[in-house]
>>> print(open('my_file-v5.cif').read())   # mmCIF, N, CA and C atoms
data_data
#
loop_
_atom_site.label_atom_id
_atom_site.label_comp_id
_atom_site.auth_asym_id
_atom_site.auth_seq_id
_atom_site.Cartn_x
_atom_site.Cartn_y
_atom_site.Cartn_z
N MET A 7 11.14 13.64 -4.28
CA MET A 7 9.76 14.03 -4.10
C MET A 7 8.88 12.92 -4.67
N LYS A 8 7.82 12.56 -3.96
CA LYS A 8 6.91 11.51 -4.40
C LYS A 8 5.58 12.14 -4.79
N PHE A 9 4.94 11.51 -5.78
CA PHE A 9 3.70 12.05 -6.32
C PHE A 9 2.58 11.02 -6.31
N LYS A 10 1.37 11.54 -6.35
CA LYS A 10 0.16 10.74 -6.50
C LYS A 10 -0.56 11.23 -7.75
N LEU A 11 -1.24 10.31 -8.40
CA LEU A 11 -2.12 10.67 -9.51
C LEU A 11 -3.52 10.67 -8.94
N VAL A 12 -4.15 11.84 -8.93
CA VAL A 12 -5.52 11.97 -8.47
C VAL A 12 -6.40 11.96 -9.72
N ILE A 13 -7.34 11.04 -9.74
CA ILE A 13 -8.25 10.90 -10.87
C ILE A 13 -9.66 11.16 -10.37
N ALA A 14 -10.36 12.06 -11.06
CA ALA A 14 -11.74 12.38 -10.68
C ALA A 14 -12.64 12.26 -11.91
N MET A 15 -13.78 11.64 -11.72
CA MET A 15 -14.80 11.60 -12.76
C MET A 15 -15.95 12.44 -12.25
N VAL A 16 -16.22 13.54 -12.95
CA VAL A 16 -17.19 14.52 -12.45
C VAL A 16 -18.20 14.87 -13.54
N GLU A 17 -19.35 15.32 -13.10
CA GLU A 17 -20.35 15.83 -14.04
C GLU A 17 -19.73 16.99 -14.79
N ASP A 18 -19.96 17.05 -16.10
CA ASP A 18 -19.26 18.05 -16.90
C ASP A 18 -19.54 19.48 -16.48
N GLU A 19 -20.69 19.76 -15.89
CA GLU A 19 -20.97 21.14 -15.45
C GLU A 19 -20.19 21.52 -14.19
N ARG A 20 -19.56 20.57 -13.54
CA ARG A 20 -18.78 20.85 -12.33
C ARG A 20 -17.27 20.85 -12.58
N THR A 21 -16.84 20.60 -13.78
CA THR A 21 -15.41 20.46 -14.08
C THR A 21 -14.61 21.69 -13.65
N GLU A 22 -15.02 22.86 -14.05
CA GLU A 22 -14.25 24.07 -13.73
C GLU A 22 -14.19 24.31 -12.23
N THR A 23 -15.30 24.07 -11.53
CA THR A 23 -15.33 24.24 -10.08
C THR A 23 -14.36 23.27 -9.40
N VAL A 24 -14.33 22.03 -9.88
CA VAL A 24 -13.44 21.02 -9.31
C VAL A 24 -11.98 21.40 -9.57
N ILE A 25 -11.66 21.85 -10.77
CA ILE A 25 -10.29 22.25 -11.09
C ILE A 25 -9.85 23.42 -10.21
N GLU A 26 -10.72 24.41 -10.05
CA GLU A 26 -10.40 25.57 -9.20
C GLU A 26 -10.12 25.13 -7.76
N LYS A 27 -10.95 24.23 -7.24
CA LYS A 27 -10.76 23.75 -5.86
C LYS A 27 -9.45 22.96 -5.74
N ALA A 28 -9.17 22.11 -6.72
CA ALA A 28 -7.93 21.32 -6.69
C ALA A 28 -6.71 22.24 -6.70
N ARG A 29 -6.77 23.32 -7.48
CA ARG A 29 -5.66 24.28 -7.51
C ARG A 29 -5.48 24.94 -6.14
N LYS A 30 -6.60 25.31 -5.51
CA LYS A 30 -6.52 25.93 -4.18
C LYS A 30 -5.93 24.97 -3.15
N MET A 31 -6.12 23.67 -3.37
CA MET A 31 -5.65 22.67 -2.42
C MET A 31 -4.22 22.21 -2.73
N GLY A 32 -3.61 22.71 -3.83
CA GLY A 32 -2.21 22.39 -4.10
C GLY A 32 -1.90 21.78 -5.44
N ALA A 33 -2.91 21.44 -6.23
CA ALA A 33 -2.64 20.91 -7.57
C ALA A 33 -2.11 22.03 -8.45
N THR A 34 -1.11 21.74 -9.28
CA THR A 34 -0.51 22.78 -10.11
C THR A 34 -1.00 22.73 -11.56
N GLY A 35 -1.80 21.76 -11.90
CA GLY A 35 -2.32 21.64 -13.26
C GLY A 35 -3.29 20.48 -13.35
N ALA A 36 -3.90 20.34 -14.51
CA ALA A 36 -4.88 19.27 -14.71
C ALA A 36 -4.90 18.87 -16.18
N THR A 37 -5.25 17.62 -16.41
CA THR A 37 -5.55 17.13 -17.75
C THR A 37 -7.01 16.72 -17.74
N VAL A 38 -7.77 17.15 -18.75
CA VAL A 38 -9.20 16.89 -18.80
C VAL A 38 -9.53 16.08 -20.04
N ILE A 39 -10.22 14.98 -19.83
CA ILE A 39 -10.78 14.20 -20.94
C ILE A 39 -12.28 14.42 -20.88
N THR A 40 -12.82 14.98 -21.93
CA THR A 40 -14.24 15.34 -21.94
C THR A 40 -15.11 14.26 -22.55
N SER A 41 -16.37 14.37 -22.28
CA SER A 41 -17.42 13.54 -22.88
C SER A 41 -17.26 12.05 -22.64
N ALA A 42 -16.87 11.69 -21.44
CA ALA A 42 -16.84 10.27 -21.06
C ALA A 42 -18.24 9.89 -20.58
N ARG A 43 -18.47 8.63 -20.44
CA ARG A 43 -19.77 8.16 -19.95
C ARG A 43 -19.52 7.20 -18.82
N GLY A 44 -20.13 7.45 -17.69
CA GLY A 44 -20.00 6.56 -16.55
C GLY A 44 -21.27 5.75 -16.37
N GLU A 45 -21.12 4.62 -15.72
CA GLU A 45 -22.28 3.79 -15.45
C GLU A 45 -22.12 3.19 -14.08
N GLY A 46 -23.14 3.34 -13.26
CA GLY A 46 -23.11 2.84 -11.90
C GLY A 46 -23.63 1.42 -11.82
N MET A 47 -24.28 1.11 -10.71
CA MET A 47 -24.78 -0.24 -10.49
C MET A 47 -25.90 -0.61 -11.44
N LYS A 48 -26.65 0.40 -11.85
CA LYS A 48 -27.75 0.15 -12.78
C LYS A 48 -27.39 0.74 -14.14
N PRO A 49 -27.74 0.06 -15.23
CA PRO A 49 -27.45 0.61 -16.56
C PRO A 49 -28.14 1.96 -16.78
N ALA A 50 -27.51 2.79 -17.61
CA ALA A 50 -28.06 4.12 -17.90
C ALA A 50 -29.38 3.99 -18.65
N LYS A 51 -30.27 4.93 -18.42
CA LYS A 51 -31.54 4.96 -19.14
C LYS A 51 -31.30 5.44 -20.57
N THR A 52 -32.00 4.82 -21.49
CA THR A 52 -31.85 5.22 -22.89
C THR A 52 -33.22 5.50 -23.49
N PHE A 53 -33.21 6.27 -24.54
CA PHE A 53 -34.42 6.58 -25.30
C PHE A 53 -34.05 6.46 -26.77
N PHE A 54 -34.56 5.45 -27.43
CA PHE A 54 -34.21 5.15 -28.81
C PHE A 54 -32.70 5.08 -29.02
N GLY A 55 -32.01 4.44 -28.08
CA GLY A 55 -30.56 4.25 -28.20
C GLY A 55 -29.71 5.40 -27.71
N LEU A 56 -30.32 6.53 -27.33
CA LEU A 56 -29.57 7.68 -26.82
C LEU A 56 -29.57 7.65 -25.29
N THR A 57 -28.41 7.82 -24.70
CA THR A 57 -28.30 7.84 -23.25
C THR A 57 -28.88 9.13 -22.70
N LEU A 58 -29.73 9.02 -21.70
CA LEU A 58 -30.37 10.19 -21.11
C LEU A 58 -29.52 10.83 -20.02
N GLU A 59 -28.54 10.12 -19.51
CA GLU A 59 -27.70 10.67 -18.47
C GLU A 59 -26.65 11.60 -19.07
N GLY A 60 -26.23 12.59 -18.27
CA GLY A 60 -25.25 13.56 -18.75
C GLY A 60 -23.86 12.98 -18.92
N GLN A 61 -23.04 13.70 -19.62
CA GLN A 61 -21.65 13.31 -19.83
C GLN A 61 -20.84 13.62 -18.58
N VAL A 62 -19.74 12.91 -18.42
CA VAL A 62 -18.81 13.19 -17.33
C VAL A 62 -17.45 13.52 -17.93
N ASP A 63 -16.68 14.27 -17.18
CA ASP A 63 -15.30 14.56 -17.56
C ASP A 63 -14.38 13.78 -16.64
N VAL A 64 -13.27 13.32 -17.17
CA VAL A 64 -12.26 12.63 -16.37
C VAL A 64 -11.10 13.60 -16.21
N LEU A 65 -10.75 13.88 -14.96
CA LEU A 65 -9.70 14.85 -14.64
C LEU A 65 -8.52 14.12 -14.01
N PHE A 66 -7.32 14.48 -14.46
CA PHE A 66 -6.09 13.91 -13.92
C PHE A 66 -5.26 15.03 -13.31
N PHE A 67 -4.80 14.81 -12.08
CA PHE A 67 -3.93 15.77 -11.40
C PHE A 67 -2.72 15.00 -10.88
N ILE A 68 -1.52 15.48 -11.17
CA ILE A 68 -0.32 14.93 -10.54
C ILE A 68 -0.01 15.84 -9.36
N VAL A 69 -0.04 15.26 -8.16
CA VAL A 69 0.03 16.05 -6.94
C VAL A 69 1.11 15.46 -6.03
N GLU A 70 1.84 16.33 -5.35
CA GLU A 70 2.83 15.87 -4.38
C GLU A 70 2.08 15.12 -3.28
N GLN A 71 2.64 14.01 -2.82
CA GLN A 71 1.91 13.11 -1.94
C GLN A 71 1.41 13.76 -0.65
N HIS A 72 2.13 14.74 -0.11
CA HIS A 72 1.69 15.39 1.13
C HIS A 72 0.42 16.22 0.93
N LEU A 73 0.15 16.63 -0.31
CA LEU A 73 -1.01 17.45 -0.61
C LEU A 73 -2.17 16.64 -1.18
N SER A 74 -1.92 15.38 -1.52
CA SER A 74 -2.90 14.62 -2.29
C SER A 74 -4.22 14.38 -1.54
N ARG A 75 -4.15 14.10 -0.26
CA ARG A 75 -5.39 13.83 0.48
C ARG A 75 -6.27 15.07 0.53
N SER A 76 -5.67 16.26 0.72
CA SER A 76 -6.49 17.48 0.75
C SER A 76 -7.12 17.75 -0.61
N VAL A 77 -6.38 17.44 -1.69
CA VAL A 77 -6.93 17.62 -3.03
C VAL A 77 -8.11 16.68 -3.23
N VAL A 78 -7.97 15.43 -2.83
CA VAL A 78 -9.06 14.45 -2.96
C VAL A 78 -10.28 14.91 -2.18
N GLU A 79 -10.08 15.33 -0.94
CA GLU A 79 -11.21 15.78 -0.10
C GLU A 79 -11.86 17.04 -0.66
N GLY A 80 -11.05 17.98 -1.17
CA GLY A 80 -11.60 19.20 -1.77
C GLY A 80 -12.44 18.91 -2.99
N ILE A 81 -11.95 18.00 -3.84
CA ILE A 81 -12.70 17.62 -5.04
C ILE A 81 -14.02 16.97 -4.65
N ALA A 82 -13.99 16.06 -3.69
CA ALA A 82 -15.21 15.38 -3.24
C ALA A 82 -16.22 16.37 -2.68
N GLU A 83 -15.72 17.38 -1.98
CA GLU A 83 -16.60 18.38 -1.37
C GLU A 83 -17.34 19.20 -2.44
N VAL A 84 -16.60 19.81 -3.37
CA VAL A 84 -17.25 20.66 -4.37
C VAL A 84 -18.00 19.85 -5.42
N GLY A 85 -17.59 18.59 -5.60
CA GLY A 85 -18.31 17.72 -6.53
C GLY A 85 -19.55 17.10 -5.93
N GLU A 86 -19.74 17.30 -4.62
CA GLU A 86 -20.88 16.77 -3.87
C GLU A 86 -20.98 15.25 -3.99
N PHE A 87 -19.82 14.57 -3.98
CA PHE A 87 -19.80 13.12 -4.17
C PHE A 87 -20.49 12.38 -3.04
N GLY A 88 -20.39 12.88 -1.82
CA GLY A 88 -21.02 12.20 -0.69
C GLY A 88 -22.47 12.57 -0.50
N ILE A 89 -22.95 13.57 -1.24
CA ILE A 89 -24.31 14.08 -1.07
C ILE A 89 -25.23 13.62 -2.20
N LYS A 90 -24.77 13.79 -3.42
CA LYS A 90 -25.59 13.54 -4.60
C LYS A 90 -25.22 12.20 -5.24
N LYS A 91 -26.17 11.30 -5.32
CA LYS A 91 -25.94 9.99 -5.91
C LYS A 91 -25.55 10.13 -7.38
N GLY A 92 -24.45 9.47 -7.76
CA GLY A 92 -24.00 9.51 -9.14
C GLY A 92 -23.26 10.77 -9.54
N ALA A 93 -22.90 11.61 -8.56
CA ALA A 93 -22.23 12.88 -8.87
C ALA A 93 -20.80 12.68 -9.36
N GLY A 94 -20.18 11.59 -8.95
CA GLY A 94 -18.81 11.35 -9.39
C GLY A 94 -18.03 10.54 -8.40
N VAL A 95 -16.75 10.38 -8.72
CA VAL A 95 -15.85 9.62 -7.87
C VAL A 95 -14.45 10.22 -8.01
N VAL A 96 -13.67 10.13 -6.94
CA VAL A 96 -12.29 10.59 -6.98
C VAL A 96 -11.44 9.58 -6.22
N PHE A 97 -10.24 9.29 -6.74
CA PHE A 97 -9.33 8.38 -6.08
C PHE A 97 -7.91 8.76 -6.45
N GLN A 98 -6.96 8.18 -5.72
CA GLN A 98 -5.55 8.48 -5.98
C GLN A 98 -4.75 7.20 -6.12
N LEU A 99 -3.70 7.29 -6.94
CA LEU A 99 -2.80 6.17 -7.18
C LEU A 99 -1.37 6.64 -7.00
N ASP A 100 -0.50 5.74 -6.58
CA ASP A 100 0.92 6.07 -6.47
C ASP A 100 1.53 6.21 -7.86
N ILE A 101 2.43 7.16 -8.00
CA ILE A 101 3.20 7.31 -9.23
C ILE A 101 4.61 6.83 -8.93
N GLU A 102 5.06 5.87 -9.68
CA GLU A 102 6.39 5.32 -9.45
C GLU A 102 7.47 6.24 -9.99
N ASP A 103 7.24 6.86 -11.14
CA ASP A 103 8.24 7.72 -11.76
C ASP A 103 7.52 8.73 -12.65
N ALA A 104 8.09 9.92 -12.78
CA ALA A 104 7.50 10.95 -13.63
C ALA A 104 8.59 11.82 -14.22
N ILE A 105 8.47 12.12 -15.50
CA ILE A 105 9.39 13.02 -16.19
C ILE A 105 8.56 14.11 -16.84
N GLY A 106 9.06 15.33 -16.80
CA GLY A 106 8.36 16.44 -17.43
C GLY A 106 7.70 17.39 -16.46
N LEU A 107 8.02 17.26 -15.20
CA LEU A 107 7.43 18.15 -14.19
C LEU A 107 8.37 19.25 -13.75
N ASP A 108 9.49 19.41 -14.43
CA ASP A 108 10.49 20.39 -14.01
C ASP A 108 9.91 21.80 -13.86
N SER A 109 9.05 22.20 -14.76
CA SER A 109 8.51 23.56 -14.71
C SER A 109 7.59 23.75 -13.50
N GLN A 110 7.06 22.67 -12.96
CA GLN A 110 6.15 22.78 -11.83
C GLN A 110 6.82 22.53 -10.48
N MET A 111 8.04 22.03 -10.50
CA MET A 111 8.71 21.63 -9.27
C MET A 111 8.87 22.78 -8.27
N ASN A 112 9.24 23.97 -8.74
CA ASN A 112 9.41 25.10 -7.83
C ASN A 112 8.10 25.48 -7.17
N ALA A 113 7.02 25.50 -7.96
CA ALA A 113 5.71 25.82 -7.40
C ALA A 113 5.29 24.77 -6.39
N ILE A 114 5.55 23.52 -6.69
CA ILE A 114 5.20 22.42 -5.78
C ILE A 114 6.00 22.54 -4.49
N LYS A 115 7.30 22.82 -4.58
CA LYS A 115 8.14 22.96 -3.39
C LYS A 115 7.66 24.10 -2.50
N GLU A 116 7.32 25.24 -3.12
CA GLU A 116 6.83 26.38 -2.35
C GLU A 116 5.51 26.05 -1.66
N GLU A 117 4.64 25.37 -2.36
CA GLU A 117 3.33 24.99 -1.79
C GLU A 117 3.50 24.06 -0.61
N ILE A 118 4.40 23.10 -0.74
CA ILE A 118 4.63 22.14 0.34
C ILE A 118 5.19 22.86 1.56
N GLU A 119 6.13 23.77 1.35
CA GLU A 119 6.71 24.50 2.48
C GLU A 119 5.65 25.32 3.20
N GLU A 120 4.71 25.89 2.46
CA GLU A 120 3.64 26.66 3.08
C GLU A 120 2.69 25.76 3.88
N GLN A 121 2.42 24.57 3.34
CA GLN A 121 1.49 23.64 3.98
C GLN A 121 2.09 23.00 5.24
N LEU A 122 3.40 22.76 5.23
CA LEU A 122 4.04 22.06 6.36
C LEU A 122 4.51 22.99 7.40
#
>>> encode(input="my_file-v5.cif", output="structure tokens")
Amino acid sequence: MKFKLVIAMVEDERTETVIEKARKMGATGATVITSARGEGMKPAKTFFGLTLEGQVDVLFFIVEQHLSRSVVEGIAEVGEFGIKKGAGVVFQLDIEDAIGLDSQMNAIKEEIEEQL
């Protein structure tokens, strides 16, 4: 079985919605790093050294490769990445090897069989 690492940087108020959508699309779990700060083409606005832009959360999902594109598209949809400027970004990377997914393998296999 081959896996992809789906990484999403989302506005912190959308984190739970994004995780719920990713689960519906086939992700079996998530790792969340909170209170990150993103910066786009223009530097963030500051006021006396304090950043005025909101915090972002970084979400990691290990997803079976056949489900990864739907997870990416679902995250982009509920995160409004194509609609709202600066709402976030999502991308996927190949995973060469992974250990520790034994407890999720049965759920992943069942999900793949349902999808295919």
>>> atom_distance(input="my_file-v5.cif", atom1="atom CA of A:Asn112", atom2="atom CA of A:Thr34")
10.4 Å
>>> residues_near_point(input="my_file-v5.cif", point="(-6.0, 21.2, -17.4)", cutoff="12 Å", atoms="only C-alpha atoms", output="ChimeraX atom specification")
/A:21-22,24-26,28-29,33-40,63-68
>>> write_last_selection(input="my_file-v5.cif", atoms="N, CA and C atoms", output="PDB file, keeping the file's coordinate frame")
ATOM      1  N   THR A  21     -16.840  20.600 -13.780  1.00  0.00           N
ATOM      2  CA  THR A  21     -15.410  20.460 -14.080  1.00  0.00           C
ATOM      3  C   THR A  21     -14.610  21.690 -13.650  1.00  0.00           C
ATOM      4  N   GLU A  22     -15.020  22.860 -14.050  1.00  0.00           N
ATOM      5  CA  GLU A  22     -14.250  24.070 -13.730  1.00  0.00           C
ATOM      6  C   GLU A  22     -14.190  24.310 -12.230  1.00  0.00           C
ATOM      7  N   VAL A  24     -14.330  22.030  -9.880  1.00  0.00           N
ATOM      8  CA  VAL A  24     -13.440  21.020  -9.310  1.00  0.00           C
ATOM      9  C   VAL A  24     -11.980  21.400  -9.570  1.00  0.00           C
ATOM     10  N   ILE A  25     -11.660  21.850 -10.770  1.00  0.00           N
ATOM     11  CA  ILE A  25     -10.290  22.250 -11.090  1.00  0.00           C
ATOM     12  C   ILE A  25      -9.850  23.420 -10.210  1.00  0.00           C
ATOM     13  N   GLU A  26     -10.720  24.410 -10.050  1.00  0.00           N
ATOM     14  CA  GLU A  26     -10.400  25.570  -9.200  1.00  0.00           C
ATOM     15  C   GLU A  26     -10.120  25.130  -7.760  1.00  0.00           C
ATOM     16  N   ALA A  28      -9.170  22.110  -6.720  1.00  0.00           N
ATOM     17  CA  ALA A  28      -7.930  21.320  -6.690  1.00  0.00           C
ATOM     18  C   ALA A  28      -6.710  22.240  -6.700  1.00  0.00           C
ATOM     19  N   ARG A  29      -6.770  23.320  -7.480  1.00  0.00           N
ATOM     20  CA  ARG A  29      -5.660  24.280  -7.510  1.00  0.00           C
ATOM     21  C   ARG A  29      -5.480  24.940  -6.140  1.00  0.00           C
ATOM     22  N   ALA A  33      -2.910  21.440  -6.230  1.00  0.00           N
ATOM     23  CA  ALA A  33      -2.640  20.910  -7.570  1.00  0.00           C
ATOM     24  C   ALA A  33      -2.110  22.030  -8.450  1.00  0.00           C
ATOM     25  N   THR A  34      -1.110  21.740  -9.280  1.00  0.00           N
ATOM     26  CA  THR A  34      -0.510  22.780 -10.110  1.00  0.00           C
ATOM     27  C   THR A  34      -1.000  22.730 -11.560  1.00  0.00           C
ATOM     28  N   GLY A  35      -1.800  21.760 -11.900  1.00  0.00           N
ATOM     29  CA  GLY A  35      -2.320  21.640 -13.260  1.00  0.00           C
ATOM     30  C   GLY A  35      -3.290  20.480 -13.350  1.00  0.00           C
ATOM     31  N   ALA A  36      -3.900  20.340 -14.510  1.00  0.00           N
ATOM     32  CA  ALA A  36      -4.880  19.270 -14.710  1.00  0.00           C
ATOM     33  C   ALA A  36      -4.900  18.870 -16.180  1.00  0.00           C
ATOM     34  N   THR A  37      -5.250  17.620 -16.410  1.00  0.00           N
ATOM     35  CA  THR A  37      -5.550  17.130 -17.750  1.00  0.00           C
ATOM     36  C   THR A  37      -7.010  16.720 -17.740  1.00  0.00           C
ATOM     37  N   VAL A  38      -7.770  17.150 -18.750  1.00  0.00           N
ATOM     38  CA  VAL A  38      -9.200  16.890 -18.800  1.00  0.00           C
ATOM     39  C   VAL A  38      -9.530  16.080 -20.040  1.00  0.00           C
ATOM     40  N   ILE A  39     -10.220  14.980 -19.830  1.00  0.00           N
ATOM     41  CA  ILE A  39     -10.780  14.200 -20.940  1.00  0.00           C
ATOM     42  C   ILE A  39     -12.280  14.420 -20.880  1.00  0.00           C
ATOM     43  N   THR A  40     -12.820  14.980 -21.930  1.00  0.00           N
ATOM     44  CA  THR A  40     -14.240  15.340 -21.940  1.00  0.00           C
ATOM     45  C   THR A  40     -15.110  14.260 -22.550  1.00  0.00           C
ATOM     46  N   ASP A  63     -16.680  14.270 -17.180  1.00  0.00           N
ATOM     47  CA  ASP A  63     -15.300  14.560 -17.560  1.00  0.00           C
ATOM     48  C   ASP A  63     -14.380  13.780 -16.640  1.00  0.00           C
ATOM     49  N   VAL A  64     -13.270  13.320 -17.170  1.00  0.00           N
ATOM     50  CA  VAL A  64     -12.260  12.630 -16.370  1.00  0.00           C
ATOM     51  C   VAL A  64     -11.100  13.600 -16.210  1.00  0.00           C
ATOM     52  N   LEU A  65     -10.750  13.880 -14.960  1.00  0.00           N
ATOM     53  CA  LEU A  65      -9.700  14.850 -14.640  1.00  0.00           C
ATOM     54  C   LEU A  65      -8.520  14.120 -14.010  1.00  0.00           C
ATOM     55  N   PHE A  66      -7.320  14.480 -14.460  1.00  0.00           N
ATOM     56  CA  PHE A  66      -6.090  13.910 -13.920  1.00  0.00           C
ATOM     57  C   PHE A  66      -5.260  15.030 -13.310  1.00  0.00           C
ATOM     58  N   PHE A  67      -4.800  14.810 -12.080  1.00  0.00           N
ATOM     59  CA  PHE A  67      -3.930  15.770 -11.400  1.00  0.00           C
ATOM     60  C   PHE A  67      -2.720  15.000 -10.880  1.00  0.00           C
ATOM     61  N   ILE A  68      -1.520  15.480 -11.170  1.00  0.00           N
ATOM     62  CA  ILE A  68      -0.320  14.930 -10.540  1.00  0.00           C
ATOM     63  C   ILE A  68      -0.010  15.840  -9.360  1.00  0.00           C
TER      64      ILE A  68
END
>>> resolve_selection(input="my_file-v5.cif", expression="the PyMOL selection byres ((chain A and resi 16) around 7)", output="VMD selection string")
chain A and resid 14 to 15 17 to 21 61 to 65 85 93 to 95
>>> resolve_selection(input="my_file-v5.cif", expression="the PyMOL selection byres (((chain A and resi 107 and name CA) around 12) and name CA)", output="MDAnalysis selection string")
chainID A and resid 7:9 34:35 67:70 103:106 108:115
>>> atom_distance(input="my_file-v5.cif", atom1="atom CA of A:Ser74", atom2="atom CA of A:Gly92")
22.8 Å
>>> decode(input="my_file-v5.cif", residues="stretch 7-42 of chain A", atoms="C-alpha atoms", output="mmCIF file, in the first residue's frame")
data_model
loop_
_atom_site.group_PDB
_atom_site.id
_atom_site.type_symbol
_atom_site.label_atom_id
_atom_site.label_comp_id
_atom_site.auth_asym_id
_atom_site.auth_seq_id
_atom_site.Cartn_x
_atom_site.Cartn_y
_atom_site.Cartn_z
ATOM 1 C CA MET A 7 0.000 0.000 0.000
ATOM 2 C CA LYS A 8 1.338 3.454 -0.904
ATOM 3 C CA PHE A 9 0.661 6.634 1.014
ATOM 4 C CA LYS A 10 0.710 10.386 0.538
ATOM 5 C CA LEU A 11 1.300 13.030 3.163
ATOM 6 C CA VAL A 12 -1.340 15.724 2.778
ATOM 7 C CA ILE A 13 -0.296 18.985 4.405
ATOM 8 C CA ALA A 14 -2.758 21.844 4.852
ATOM 9 C CA MET A 15 -2.205 25.279 6.315
ATOM 10 C CA VAL A 16 -5.583 26.669 7.321
ATOM 11 C CA GLU A 17 -7.048 29.542 9.281
ATOM 12 C CA ASP A 18 -7.376 28.330 12.851
ATOM 13 C CA GLU A 19 -11.157 28.847 12.914
ATOM 14 C CA ARG A 20 -11.524 26.371 10.021
ATOM 15 C CA THR A 21 -9.369 23.566 11.460
ATOM 16 C CA GLU A 22 -12.204 21.393 12.775
ATOM 17 C CA THR A 23 -14.229 21.797 9.573
ATOM 18 C CA VAL A 24 -11.211 20.798 7.471
ATOM 19 C CA ILE A 25 -10.495 17.744 9.652
ATOM 20 C CA GLU A 26 -14.138 16.620 9.449
ATOM 21 C CA LYS A 27 -14.119 16.952 5.644
ATOM 22 C CA ALA A 28 -10.801 15.091 5.336
ATOM 23 C CA ARG A 29 -12.233 12.230 7.426
ATOM 24 C CA LYS A 30 -15.305 12.070 5.174
ATOM 25 C CA MET A 31 -12.998 11.884 2.155
ATOM 26 C CA GLY A 32 -10.952 8.975 3.574
ATOM 27 C CA ALA A 33 -8.374 10.336 6.011
ATOM 28 C CA THR A 34 -8.210 8.190 9.153
ATOM 29 C CA GLY A 35 -6.507 10.711 11.429
ATOM 30 C CA ALA A 36 -4.703 14.026 11.630
ATOM 31 C CA THR A 37 -1.827 15.743 13.381
ATOM 32 C CA VAL A 38 -2.360 19.428 14.169
ATOM 33 C CA ILE A 39 0.312 22.009 14.849
ATOM 34 C CA THR A 40 -1.351 25.122 16.207
ATOM 35 C CA SER A 41 -0.448 28.790 16.199
ATOM 36 C CA ALA A 42 1.746 28.877 13.119
#
